[in-house]
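See below for model18.txt, which holds compact mmCIF, N, CA and C atoms.
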# COMPACT_ATOMS: atom_id res chain seq x y z
N MET N 1 104.58 92.35 92.66
CA MET N 1 104.94 93.51 93.44
C MET N 1 103.69 94.11 94.04
N ARG N 2 103.73 94.47 95.30
CA ARG N 2 102.58 95.05 95.98
C ARG N 2 102.78 96.54 96.20
N THR N 3 101.72 97.30 96.02
CA THR N 3 101.68 98.71 96.37
C THR N 3 100.70 98.80 97.53
N PHE N 4 100.85 99.79 98.38
CA PHE N 4 100.04 99.84 99.58
C PHE N 4 98.98 100.91 99.50
N ILE N 5 97.83 100.63 100.11
CA ILE N 5 96.71 101.55 100.15
C ILE N 5 96.19 101.62 101.58
N ILE N 6 95.79 102.77 102.02
CA ILE N 6 95.14 102.87 103.32
C ILE N 6 93.65 102.67 103.14
N SER N 7 93.10 101.84 103.99
CA SER N 7 91.67 101.59 103.98
C SER N 7 91.19 101.30 102.58
N SER N 8 92.02 100.69 101.80
CA SER N 8 91.76 100.31 100.43
C SER N 8 91.41 101.50 99.56
N LEU N 9 91.84 102.68 99.95
CA LEU N 9 91.52 103.84 99.14
C LEU N 9 92.73 104.63 98.70
N VAL N 10 93.73 104.71 99.53
CA VAL N 10 94.81 105.62 99.25
C VAL N 10 96.12 104.87 99.11
N ILE N 11 96.78 105.01 97.97
CA ILE N 11 98.06 104.34 97.77
C ILE N 11 99.09 105.05 98.63
N ILE N 12 99.81 104.28 99.43
CA ILE N 12 100.73 104.88 100.38
C ILE N 12 101.82 103.87 100.72
N GLY N 13 103.00 104.31 101.00
CA GLY N 13 104.11 103.42 101.31
C GLY N 13 104.09 102.94 102.74
N ALA N 14 104.53 101.72 102.95
CA ALA N 14 104.56 101.15 104.29
C ALA N 14 105.47 101.93 105.21
N SER N 15 106.55 102.48 104.69
CA SER N 15 107.45 103.24 105.54
C SER N 15 106.76 104.48 106.10
N THR N 16 105.86 105.09 105.34
CA THR N 16 105.11 106.23 105.84
C THR N 16 104.22 105.80 106.98
N TRP N 17 103.58 104.63 106.84
CA TRP N 17 102.69 104.16 107.89
C TRP N 17 103.44 103.74 109.13
N ALA N 18 104.69 103.39 108.99
CA ALA N 18 105.47 103.07 110.18
C ALA N 18 105.53 104.26 111.11
N LEU N 19 105.50 105.47 110.55
CA LEU N 19 105.50 106.68 111.37
C LEU N 19 104.22 106.82 112.17
N ALA N 20 103.14 106.20 111.71
CA ALA N 20 101.85 106.33 112.38
C ALA N 20 101.72 105.42 113.59
N LYS N 21 102.74 104.63 113.88
CA LYS N 21 102.64 103.68 114.97
C LYS N 21 102.61 104.33 116.35
N HIS N 22 103.06 105.58 116.47
CA HIS N 22 102.96 106.23 117.77
C HIS N 22 101.51 106.55 118.07
N HIS N 23 101.17 106.65 119.32
CA HIS N 23 99.79 106.86 119.73
C HIS N 23 99.54 108.34 119.98
N ASN N 24 98.71 108.95 119.14
CA ASN N 24 98.25 110.32 119.35
C ASN N 24 96.95 110.25 120.13
N THR N 25 97.03 109.87 121.38
CA THR N 25 95.84 109.71 122.20
C THR N 25 96.03 110.43 123.52
N GLN N 26 94.92 110.62 124.19
CA GLN N 26 94.95 111.24 125.50
C GLN N 26 94.23 110.31 126.46
N THR N 27 94.96 109.75 127.40
CA THR N 27 94.38 108.84 128.37
C THR N 27 94.58 109.39 129.76
N ASP N 28 93.48 109.49 130.49
CA ASP N 28 93.53 109.94 131.88
C ASP N 28 94.02 108.77 132.72
N PRO N 29 95.15 108.93 133.45
CA PRO N 29 95.68 107.81 134.23
C PRO N 29 94.72 107.31 135.30
N ASP N 30 93.78 108.15 135.73
CA ASP N 30 92.80 107.74 136.74
C ASP N 30 91.55 107.14 136.11
N ASP N 31 91.58 106.96 134.80
CA ASP N 31 90.38 106.57 134.08
C ASP N 31 90.75 105.55 133.00
N ALA N 32 89.85 104.65 132.69
CA ALA N 32 90.12 103.65 131.66
C ALA N 32 89.60 104.09 130.29
N ILE N 33 89.25 105.35 130.15
CA ILE N 33 88.71 105.84 128.89
C ILE N 33 89.82 106.47 128.05
N GLU N 34 90.04 105.91 126.89
CA GLU N 34 91.04 106.44 125.97
C GLU N 34 90.34 107.34 124.96
N VAL N 35 90.90 108.52 124.73
CA VAL N 35 90.34 109.45 123.75
C VAL N 35 91.39 109.70 122.67
N VAL N 36 91.05 109.41 121.42
CA VAL N 36 91.92 109.70 120.29
C VAL N 36 91.46 111.03 119.72
N LYS N 37 92.34 112.00 119.69
CA LYS N 37 92.02 113.33 119.18
C LYS N 37 92.22 113.35 117.67
N LEU N 38 91.14 113.48 116.92
CA LEU N 38 91.22 113.44 115.47
C LEU N 38 92.13 114.53 114.92
N GLU N 39 92.04 115.71 115.49
CA GLU N 39 92.87 116.82 115.00
C GLU N 39 94.37 116.59 115.22
N GLU N 40 94.74 115.63 116.04
CA GLU N 40 96.14 115.31 116.28
C GLU N 40 96.66 114.21 115.35
N GLN N 41 95.78 113.59 114.58
CA GLN N 41 96.18 112.51 113.68
C GLN N 41 96.78 113.10 112.41
N THR N 42 97.80 112.46 111.90
CA THR N 42 98.54 112.93 110.73
C THR N 42 97.84 112.55 109.44
N TRP N 43 97.76 113.49 108.51
CA TRP N 43 97.26 113.22 107.17
C TRP N 43 98.41 112.66 106.33
N TYR N 44 98.13 111.66 105.50
CA TYR N 44 99.11 111.08 104.60
C TYR N 44 98.59 111.22 103.18
N GLU N 45 99.42 111.75 102.28
CA GLU N 45 99.02 111.89 100.88
C GLU N 45 99.62 110.77 100.06
N ALA N 46 98.79 110.19 99.21
CA ALA N 46 99.22 109.09 98.35
C ALA N 46 99.65 109.60 96.99
N GLU N 47 100.23 108.69 96.21
CA GLU N 47 100.66 109.02 94.86
C GLU N 47 99.51 109.52 94.00
N ASP N 48 98.31 109.03 94.26
CA ASP N 48 97.15 109.45 93.46
C ASP N 48 96.48 110.72 93.99
N ARG N 49 97.08 111.36 94.98
CA ARG N 49 96.63 112.62 95.57
C ARG N 49 95.50 112.45 96.59
N ALA N 50 95.02 111.24 96.83
CA ALA N 50 94.06 111.03 97.90
C ALA N 50 94.81 111.14 99.23
N VAL N 51 94.11 111.59 100.26
CA VAL N 51 94.76 111.73 101.56
C VAL N 51 93.92 111.02 102.62
N ALA N 52 94.59 110.54 103.65
CA ALA N 52 93.91 109.78 104.69
C ALA N 52 94.56 110.02 106.04
N ARG N 53 93.74 109.86 107.07
CA ARG N 53 94.25 109.84 108.44
C ARG N 53 93.43 108.82 109.20
N GLU N 54 94.09 108.17 110.12
CA GLU N 54 93.40 107.18 110.92
C GLU N 54 92.60 107.88 112.02
N ILE N 55 91.37 107.45 112.18
CA ILE N 55 90.56 107.93 113.29
C ILE N 55 90.91 107.12 114.52
N ALA N 56 90.87 105.80 114.38
CA ALA N 56 91.29 104.90 115.46
C ALA N 56 91.68 103.57 114.83
N SER N 57 92.76 102.99 115.34
CA SER N 57 93.26 101.71 114.85
C SER N 57 94.24 101.17 115.89
N PRO N 58 94.75 99.95 115.68
CA PRO N 58 95.78 99.45 116.59
C PRO N 58 97.05 100.31 116.58
N ARG N 59 97.25 101.09 115.51
CA ARG N 59 98.45 101.93 115.43
C ARG N 59 98.36 103.20 116.27
N ASN N 60 97.14 103.66 116.60
CA ASN N 60 97.04 104.91 117.36
C ASN N 60 96.10 104.83 118.55
N SER N 61 95.69 103.61 118.90
CA SER N 61 94.77 103.46 120.02
C SER N 61 94.84 102.04 120.57
N ARG N 62 93.96 101.75 121.51
CA ARG N 62 93.91 100.38 122.05
C ARG N 62 92.99 99.47 121.25
N ALA N 63 92.47 99.96 120.11
CA ALA N 63 91.64 99.13 119.23
C ALA N 63 92.43 97.90 118.80
N GLN N 64 91.76 96.77 118.71
CA GLN N 64 92.43 95.54 118.31
C GLN N 64 91.77 94.85 117.12
N GLU N 65 90.48 95.01 116.93
CA GLU N 65 89.74 94.22 115.94
C GLU N 65 89.28 95.01 114.73
N LEU N 66 89.46 96.34 114.71
CA LEU N 66 89.04 97.11 113.55
C LEU N 66 89.85 98.40 113.46
N SER N 67 89.76 99.03 112.30
CA SER N 67 90.36 100.34 112.10
C SER N 67 89.35 101.22 111.38
N ILE N 68 89.45 102.52 111.65
CA ILE N 68 88.58 103.51 111.02
C ILE N 68 89.45 104.63 110.50
N ALA N 69 89.22 105.03 109.23
CA ALA N 69 90.01 106.09 108.62
C ALA N 69 89.09 107.16 108.01
N ASP N 70 89.62 108.36 107.97
CA ASP N 70 88.99 109.52 107.34
C ASP N 70 89.73 109.73 106.03
N ILE N 71 89.02 109.70 104.90
CA ILE N 71 89.64 109.74 103.58
C ILE N 71 89.09 110.93 102.80
N LYS N 72 89.98 111.64 102.11
CA LYS N 72 89.59 112.71 101.20
C LYS N 72 90.11 112.37 99.81
N ILE N 73 89.22 112.36 98.82
CA ILE N 73 89.61 112.09 97.45
C ILE N 73 89.29 113.34 96.63
N PRO N 74 90.31 114.01 96.12
CA PRO N 74 90.09 115.24 95.35
C PRO N 74 89.32 114.98 94.05
N ALA N 75 88.78 116.05 93.49
CA ALA N 75 88.07 115.97 92.21
C ALA N 75 88.94 115.30 91.16
N GLY N 76 88.35 114.37 90.40
CA GLY N 76 89.04 113.71 89.31
C GLY N 76 89.97 112.58 89.68
N VAL N 77 90.10 112.25 90.95
CA VAL N 77 91.03 111.21 91.39
C VAL N 77 90.35 109.84 91.44
N SER N 78 91.04 108.83 90.92
CA SER N 78 90.60 107.43 90.98
C SER N 78 91.58 106.65 91.83
N VAL N 79 91.07 105.73 92.60
CA VAL N 79 91.90 104.86 93.43
C VAL N 79 92.17 103.57 92.67
N ARG N 80 93.37 103.07 92.75
CA ARG N 80 93.77 101.87 92.03
C ARG N 80 92.99 100.65 92.51
N PRO N 81 92.41 99.88 91.58
CA PRO N 81 91.65 98.68 91.97
C PRO N 81 92.54 97.68 92.72
N HIS N 82 91.95 97.05 93.73
CA HIS N 82 92.69 96.11 94.56
C HIS N 82 91.67 95.26 95.32
N TYR N 83 92.18 94.31 96.11
CA TYR N 83 91.33 93.53 96.99
C TYR N 83 92.13 93.13 98.22
N HIS N 84 91.41 92.60 99.21
CA HIS N 84 92.01 92.12 100.45
C HIS N 84 91.55 90.68 100.65
N GLU N 85 92.45 89.82 101.08
CA GLU N 85 92.07 88.41 101.29
C GLU N 85 91.13 88.22 102.47
N VAL N 86 91.36 88.95 103.57
CA VAL N 86 90.56 88.69 104.77
C VAL N 86 89.82 89.92 105.30
N ILE N 87 90.10 91.09 104.82
CA ILE N 87 89.49 92.29 105.37
C ILE N 87 88.12 92.57 104.76
N GLU N 88 87.16 92.82 105.63
CA GLU N 88 85.86 93.33 105.21
C GLU N 88 85.87 94.83 105.50
N GLU N 89 85.37 95.63 104.55
CA GLU N 89 85.37 97.08 104.71
C GLU N 89 83.96 97.64 104.55
N ILE N 90 83.73 98.77 105.18
CA ILE N 90 82.53 99.56 104.92
C ILE N 90 82.99 100.96 104.58
N TYR N 91 82.60 101.43 103.40
CA TYR N 91 82.86 102.80 102.97
C TYR N 91 81.60 103.60 103.27
N PHE N 92 81.71 104.62 104.09
CA PHE N 92 80.58 105.51 104.35
C PHE N 92 80.88 106.85 103.69
N ILE N 93 80.02 107.27 102.78
CA ILE N 93 80.21 108.54 102.06
C ILE N 93 79.71 109.65 102.98
N SER N 94 80.62 110.44 103.53
CA SER N 94 80.24 111.51 104.46
C SER N 94 80.04 112.84 103.75
N ASP N 95 80.58 112.98 102.54
CA ASP N 95 80.35 114.20 101.76
C ASP N 95 80.74 113.95 100.30
N GLY N 96 80.00 114.53 99.39
CA GLY N 96 80.31 114.40 97.97
C GLY N 96 79.68 113.17 97.36
N SER N 97 80.19 112.81 96.18
CA SER N 97 79.70 111.64 95.46
C SER N 97 80.79 111.12 94.54
N GLY N 98 80.59 109.90 94.04
CA GLY N 98 81.56 109.30 93.14
C GLY N 98 81.01 108.01 92.56
N ILE N 99 81.89 107.25 91.93
CA ILE N 99 81.53 105.97 91.34
C ILE N 99 82.28 104.87 92.10
N MET N 100 81.54 103.92 92.66
CA MET N 100 82.12 102.78 93.36
C MET N 100 82.16 101.61 92.39
N PHE N 101 83.30 100.92 92.37
CA PHE N 101 83.50 99.75 91.52
C PHE N 101 83.75 98.54 92.41
N ILE N 102 82.98 97.48 92.21
CA ILE N 102 83.20 96.22 92.92
C ILE N 102 83.01 95.08 91.93
N ASP N 103 84.06 94.28 91.76
CA ASP N 103 84.01 93.09 90.89
C ASP N 103 83.38 93.37 89.53
N GLY N 104 83.84 94.42 88.87
CA GLY N 104 83.41 94.72 87.52
C GLY N 104 82.09 95.47 87.40
N LYS N 105 81.41 95.71 88.51
CA LYS N 105 80.16 96.46 88.49
C LYS N 105 80.43 97.85 89.05
N GLU N 106 79.60 98.82 88.64
CA GLU N 106 79.78 100.18 89.14
C GLU N 106 78.44 100.77 89.56
N LYS N 107 78.52 101.69 90.53
CA LYS N 107 77.31 102.33 91.04
C LYS N 107 77.66 103.71 91.56
N ARG N 108 76.83 104.70 91.25
CA ARG N 108 77.00 106.04 91.81
C ARG N 108 76.69 105.97 93.30
N VAL N 109 77.56 106.57 94.10
CA VAL N 109 77.37 106.65 95.55
C VAL N 109 77.38 108.11 95.96
N VAL N 110 76.54 108.43 96.95
CA VAL N 110 76.38 109.83 97.38
C VAL N 110 76.41 109.92 98.90
N LYS N 111 76.50 111.14 99.39
CA LYS N 111 76.51 111.40 100.82
C LYS N 111 75.40 110.61 101.52
N GLY N 112 75.79 109.90 102.59
CA GLY N 112 74.85 109.09 103.36
C GLY N 112 74.82 107.63 102.97
N ASP N 113 75.47 107.26 101.85
CA ASP N 113 75.51 105.85 101.43
C ASP N 113 76.61 105.10 102.18
N ALA N 114 76.34 103.83 102.47
CA ALA N 114 77.34 102.92 103.02
C ALA N 114 77.48 101.75 102.06
N ILE N 115 78.73 101.42 101.73
CA ILE N 115 79.01 100.35 100.77
C ILE N 115 79.83 99.28 101.49
N VAL N 116 79.35 98.04 101.47
CA VAL N 116 80.06 96.94 102.11
C VAL N 116 80.92 96.25 101.06
N VAL N 117 82.21 96.10 101.37
CA VAL N 117 83.15 95.40 100.49
C VAL N 117 83.61 94.15 101.24
N ARG N 118 83.28 93.00 100.68
CA ARG N 118 83.61 91.72 101.31
C ARG N 118 85.04 91.31 100.96
N PRO N 119 85.65 90.47 101.78
CA PRO N 119 86.99 89.98 101.45
C PRO N 119 87.00 89.34 100.05
N GLY N 120 88.05 89.61 99.30
CA GLY N 120 88.21 89.04 97.97
C GLY N 120 87.57 89.83 96.85
N GLU N 121 86.73 90.80 97.15
CA GLU N 121 86.10 91.60 96.10
C GLU N 121 87.06 92.69 95.62
N ARG N 122 87.29 92.73 94.31
CA ARG N 122 88.13 93.78 93.73
C ARG N 122 87.32 95.07 93.72
N HIS N 123 87.93 96.13 94.25
CA HIS N 123 87.17 97.37 94.39
C HIS N 123 88.04 98.60 94.20
N SER N 124 87.34 99.70 93.93
CA SER N 124 87.96 101.00 93.72
C SER N 124 86.86 102.05 93.82
N ILE N 125 87.27 103.29 93.92
CA ILE N 125 86.31 104.39 93.90
C ILE N 125 86.92 105.54 93.11
N ARG N 126 86.06 106.25 92.38
CA ARG N 126 86.52 107.38 91.57
C ARG N 126 85.67 108.60 91.90
N ASN N 127 86.34 109.71 92.13
CA ASN N 127 85.64 110.97 92.29
C ASN N 127 85.55 111.60 90.90
N ASP N 128 84.40 111.51 90.30
CA ASP N 128 84.20 112.05 88.95
C ASP N 128 83.53 113.42 88.98
N THR N 129 83.61 114.10 90.11
CA THR N 129 82.96 115.41 90.26
C THR N 129 84.00 116.52 90.39
N GLU N 130 83.51 117.73 90.55
CA GLU N 130 84.37 118.91 90.75
C GLU N 130 84.60 119.18 92.23
N GLU N 131 83.96 118.42 93.11
CA GLU N 131 84.05 118.61 94.56
C GLU N 131 84.82 117.47 95.21
N GLU N 132 85.34 117.71 96.39
CA GLU N 132 86.04 116.67 97.15
C GLU N 132 85.06 115.58 97.58
N LEU N 133 85.50 114.33 97.52
CA LEU N 133 84.75 113.18 98.01
C LEU N 133 85.31 112.82 99.37
N ARG N 134 84.46 112.67 100.37
CA ARG N 134 84.91 112.39 101.73
C ARG N 134 84.30 111.07 102.20
N LEU N 135 85.12 110.21 102.80
CA LEU N 135 84.69 108.89 103.24
C LEU N 135 85.16 108.60 104.67
N ILE N 136 84.39 107.81 105.36
CA ILE N 136 84.83 107.17 106.59
C ILE N 136 84.88 105.69 106.25
N VAL N 137 86.05 105.05 106.43
CA VAL N 137 86.22 103.66 106.03
C VAL N 137 86.60 102.83 107.25
N THR N 138 85.82 101.78 107.50
CA THR N 138 86.13 100.85 108.58
C THR N 138 86.63 99.54 107.99
N CYS N 139 87.56 98.92 108.68
CA CYS N 139 88.13 97.64 108.25
C CYS N 139 88.18 96.69 109.44
N THR N 140 87.77 95.45 109.19
CA THR N 140 87.94 94.41 110.19
C THR N 140 88.33 93.11 109.48
N PRO N 141 89.39 92.46 109.89
CA PRO N 141 90.35 92.93 110.88
C PRO N 141 90.98 94.25 110.44
N PRO N 142 91.73 94.89 111.32
CA PRO N 142 92.28 96.21 111.01
C PRO N 142 93.16 96.21 109.76
N TRP N 143 93.12 97.36 109.06
CA TRP N 143 93.97 97.57 107.90
C TRP N 143 95.44 97.59 108.30
N THR N 144 96.27 96.97 107.45
CA THR N 144 97.72 97.04 107.60
C THR N 144 98.30 97.25 106.20
N PRO N 145 99.50 97.82 106.09
CA PRO N 145 100.07 98.07 104.77
C PRO N 145 100.25 96.83 103.90
N ASP N 146 100.38 95.65 104.50
CA ASP N 146 100.62 94.45 103.71
C ASP N 146 99.35 93.69 103.33
N CYS N 147 98.18 94.28 103.57
CA CYS N 147 96.91 93.58 103.31
C CYS N 147 96.36 93.78 101.90
N LEU N 148 97.05 94.55 101.07
CA LEU N 148 96.53 94.93 99.76
C LEU N 148 97.07 94.04 98.66
N ILE N 149 96.19 93.68 97.72
CA ILE N 149 96.60 92.85 96.60
C ILE N 149 96.14 93.55 95.32
N PHE N 150 97.09 93.76 94.40
CA PHE N 150 96.79 94.40 93.12
C PHE N 150 97.00 93.38 92.02
N ASP N 151 96.22 93.52 90.93
CA ASP N 151 96.38 92.63 89.78
C ASP N 151 97.70 92.90 89.07

Kindly transcribe the structure held in the file into structure tokens.
Amino acid sequence: MRTFIISSLVIIGASTWALAKHHNTQTDPDDAIEVVKLEEQTWYEAEDRAVAREIASPRNSRAQELSIADIKIPAGVSVRPHYHEVIEEIYFISDGSGIMFIDGKEKRVVKGDAIVVRPGERHSIRNDTEEELRLIVTCTPPWTPDCLIFD
């Protein structure tokens, strides 16, 4: 049985992500520049209380080869360990700190750190602090609800 996570961080149902398929973008018809307004993107809360919104992806923009998400992990929240067969991810810690787990190893990560997660690596992150942990997560190929594998 598979459970779904956004950007490998937030457990979320595929039916919820189906709602995200509409494009919250602003495109000038006289111009080829597409602008995705972050404040117009919907936040989704997972079972573990982490929340995420897409910055840009094939679901809300003309992006085809990658997706970028804004993730908030509240104090004390751990994300369920999982892996992706083909997706490579980069977790950028934009605020706060936590513990990153990859293939049985762990490392404290802090604001300004970037962590590369290769396809097939089992990974998770835990906010072990009293403050919110904030991440920008990129995925290539783009994240989809069916890309997650749990033990």

Review point. Of the candidates N:Ala75, N:Ile93, N:Val35, N:Ala46, which one gets nearest to Thr129 (chain N) if we count all atoms listed in the file?
Key: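 Under the stated criterion, the closest residue is N:Ala75.
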
Kindly extract all protein, DNA and RNA residues lying within 12 Å of the coordinates (87.0, 88.8, 106.2) given in the file, considering only C-alpha atoms, and supply them as an mmCIF file with N, CA and C atoms, in the coordinates of the input.
data_model
loop_
_atom_site.group_PDB
_atom_site.id
_atom_site.type_symbol
_atom_site.label_atom_id
_atom_site.label_comp_id
_atom_site.auth_asym_id
_atom_site.auth_seq_id
_atom_site.Cartn_x
_atom_site.Cartn_y
_atom_site.Cartn_z
ATOM 1 N N GLU N 65 90.480 95.010 116.930
ATOM 2 C CA GLU N 65 89.740 94.220 115.940
ATOM 3 C C GLU N 65 89.280 95.010 114.730
ATOM 4 N N LEU N 66 89.460 96.340 114.710
ATOM 5 C CA LEU N 66 89.040 97.110 113.550
ATOM 6 C C LEU N 66 89.850 98.400 113.460
ATOM 7 N N TYR N 83 92.180 94.310 96.110
ATOM 8 C CA TYR N 83 91.330 93.530 96.990
ATOM 9 C C TYR N 83 92.130 93.130 98.220
ATOM 10 N N HIS N 84 91.410 92.600 99.210
ATOM 11 C CA HIS N 84 92.010 92.120 100.450
ATOM 12 C C HIS N 84 91.550 90.680 100.650
ATOM 13 N N GLU N 85 92.450 89.820 101.080
ATOM 14 C CA GLU N 85 92.070 88.410 101.290
ATOM 15 C C GLU N 85 91.130 88.220 102.470
ATOM 16 N N VAL N 86 91.360 88.950 103.570
ATOM 17 C CA VAL N 86 90.560 88.690 104.770
ATOM 18 C C VAL N 86 89.820 89.920 105.300
ATOM 19 N N ILE N 87 90.100 91.090 104.820
ATOM 20 C CA ILE N 87 89.490 92.290 105.370
ATOM 21 C C ILE N 87 88.120 92.570 104.760
ATOM 22 N N GLU N 88 87.160 92.820 105.630
ATOM 23 C CA GLU N 88 85.860 93.330 105.210
ATOM 24 C C GLU N 88 85.870 94.830 105.500
ATOM 25 N N GLU N 89 85.370 95.630 104.550
ATOM 26 C CA GLU N 89 85.370 97.080 104.710
ATOM 27 C C GLU N 89 83.960 97.640 104.550
ATOM 28 N N ILE N 90 83.730 98.770 105.180
ATOM 29 C CA ILE N 90 82.530 99.560 104.920
ATOM 30 C C ILE N 90 82.990 100.960 104.580
ATOM 31 N N VAL N 116 79.350 98.040 101.470
ATOM 32 C CA VAL N 116 80.060 96.940 102.110
ATOM 33 C C VAL N 116 80.920 96.250 101.060
ATOM 34 N N VAL N 117 82.210 96.100 101.370
ATOM 35 C CA VAL N 117 83.150 95.400 100.490
ATOM 36 C C VAL N 117 83.610 94.150 101.240
ATOM 37 N N ARG N 118 83.280 93.000 100.680
ATOM 38 C CA ARG N 118 83.610 91.720 101.310
ATOM 39 C C ARG N 118 85.040 91.310 100.960
ATOM 40 N N PRO N 119 85.650 90.470 101.780
ATOM 41 C CA PRO N 119 86.990 89.980 101.450
ATOM 42 C C PRO N 119 87.000 89.340 100.050
ATOM 43 N N GLY N 120 88.050 89.610 99.300
ATOM 44 C CA GLY N 120 88.210 89.040 97.970
ATOM 45 C C GLY N 120 87.570 89.830 96.850
ATOM 46 N N GLU N 121 86.730 90.800 97.150
ATOM 47 C CA GLU N 121 86.100 91.600 96.100
ATOM 48 C C GLU N 121 87.060 92.690 95.620
ATOM 49 N N CYS N 139 87.560 98.920 108.680
ATOM 50 C CA CYS N 139 88.130 97.640 108.250
ATOM 51 C C CYS N 139 88.180 96.690 109.440
ATOM 52 N N THR N 140 87.770 95.450 109.190
ATOM 53 C CA THR N 140 87.940 94.410 110.190
ATOM 54 C C THR N 140 88.330 93.110 109.480
ATOM 55 N N PRO N 141 89.390 92.460 109.890
ATOM 56 C CA PRO N 141 90.350 92.930 110.880
ATOM 57 C C PRO N 141 90.980 94.250 110.440
ATOM 58 N N PRO N 142 91.730 94.890 111.320
ATOM 59 C CA PRO N 142 92.280 96.210 111.010
ATOM 60 C C PRO N 142 93.160 96.210 109.760
ATOM 61 N N TRP N 143 93.120 97.360 109.060
ATOM 62 C CA TRP N 143 93.970 97.570 107.900
ATOM 63 C C TRP N 143 95.440 97.590 108.300
ATOM 64 N N CYS N 147 98.180 94.280 103.570
ATOM 65 C CA CYS N 147 96.910 93.580 103.310
ATOM 66 C C CYS N 147 96.360 93.780 101.900
#

Practice item. Could you give me, as JSON, numbers by chain, the residues within 6 Å of Val51 (chain N), counting all atoms listed in the file and dropping anything in the same chain fewer than 5 positions from it? Key: {"N": [44, 45, 46, 70, 71, 72, 73]}

Would you pick out the contacts of Ser124 (chain N) at 7 Å or less, using all atoms listed in the file, so that residues sharing its chain but fewer than 4 positions from it are not included, and give the list as a PDB file with N, CA and C atoms, in the coordinates of the input?
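Listed below is the output, around08.pdb:
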ATOM      1  N   SER N   8      92.020 100.690 101.800  1.00  0.00           N
ATOM      2  CA  SER N   8      91.760 100.310 100.430  1.00  0.00           C
ATOM      3  C   SER N   8      91.410 101.500  99.560  1.00  0.00           C
ATOM      4  N   SER N  78      91.040 108.830  90.920  1.00  0.00           N
ATOM      5  CA  SER N  78      90.600 107.430  90.980  1.00  0.00           C
ATOM      6  C   SER N  78      91.580 106.650  91.830  1.00  0.00           C
ATOM      7  N   VAL N  79      91.070 105.730  92.600  1.00  0.00           N
ATOM      8  CA  VAL N  79      91.900 104.860  93.430  1.00  0.00           C
ATOM      9  C   VAL N  79      92.170 103.570  92.670  1.00  0.00           C
ATOM     10  N   ARG N  80      93.370 103.070  92.750  1.00  0.00           N
ATOM     11  CA  ARG N  80      93.770 101.870  92.030  1.00  0.00           C
ATOM     12  C   ARG N  80      92.990 100.650  92.510  1.00  0.00           C
ATOM     13  N   PRO N  81      92.410  99.880  91.580  1.00  0.00           N
ATOM     14  CA  PRO N  81      91.650  98.680  91.970  1.00  0.00           C
ATOM     15  C   PRO N  81      92.540  97.680  92.720  1.00  0.00           C
ATOM     16  N   HIS N  82      91.950  97.050  93.730  1.00  0.00           N
ATOM     17  CA  HIS N  82      92.690  96.110  94.560  1.00  0.00           C
ATOM     18  C   HIS N  82      91.670  95.260  95.320  1.00  0.00           C
ATOM     19  N   ILE N  99      81.890 107.250  91.930  1.00  0.00           N
ATOM     20  CA  ILE N  99      81.530 105.970  91.340  1.00  0.00           C
ATOM     21  C   ILE N  99      82.280 104.870  92.100  1.00  0.00           C
ATOM     22  N   MET N 100      81.540 103.920  92.660  1.00  0.00           N
ATOM     23  CA  MET N 100      82.120 102.780  93.360  1.00  0.00           C
ATOM     24  C   MET N 100      82.160 101.610  92.390  1.00  0.00           C
ATOM     25  N   PHE N 101      83.300 100.920  92.370  1.00  0.00           N
ATOM     26  CA  PHE N 101      83.500  99.750  91.520  1.00  0.00           C
ATOM     27  C   PHE N 101      83.750  98.540  92.410  1.00  0.00           C
ATOM     28  N   ILE N 102      82.980  97.480  92.210  1.00  0.00           N
ATOM     29  CA  ILE N 102      83.200  96.220  92.920  1.00  0.00           C
ATOM     30  C   ILE N 102      83.010  95.080  91.930  1.00  0.00           C
ATOM     31  N   ASP N 103      84.060  94.280  91.760  1.00  0.00           N
ATOM     32  CA  ASP N 103      84.010  93.090  90.890  1.00  0.00           C
ATOM     33  C   ASP N 103      83.380  93.370  89.530  1.00  0.00           C
TER      34      ASP N 103
END

Point to revise | Nearby residues (only N, CA and C atoms) at most 5 Å from Ile136 (chain N), same-chain spacing under 3 positions excluded, as a ChimeraX atom specification | key: /N:69-70,91-92,94

The selected residues should be written to file as a compact mmCIF listing (two decimals), keeping the file's coordinate frame (atoms: N, CA and C atoms).
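This went into result06.txt:
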# COMPACT_ATOMS: atom_id res chain seq x y z
N ALA N 69 89.22 105.03 109.23
CA ALA N 69 90.01 106.09 108.62
C ALA N 69 89.09 107.16 108.01
N ASP N 70 89.62 108.36 107.97
CA ASP N 70 88.99 109.52 107.34
C ASP N 70 89.73 109.73 106.03
N TYR N 91 82.60 101.43 103.40
CA TYR N 91 82.86 102.80 102.97
C TYR N 91 81.60 103.60 103.27
N PHE N 92 81.71 104.62 104.09
CA PHE N 92 80.58 105.51 104.35
C PHE N 92 80.88 106.85 103.69
N SER N 94 80.62 110.44 103.53
CA SER N 94 80.24 111.51 104.46
C SER N 94 80.04 112.84 103.75
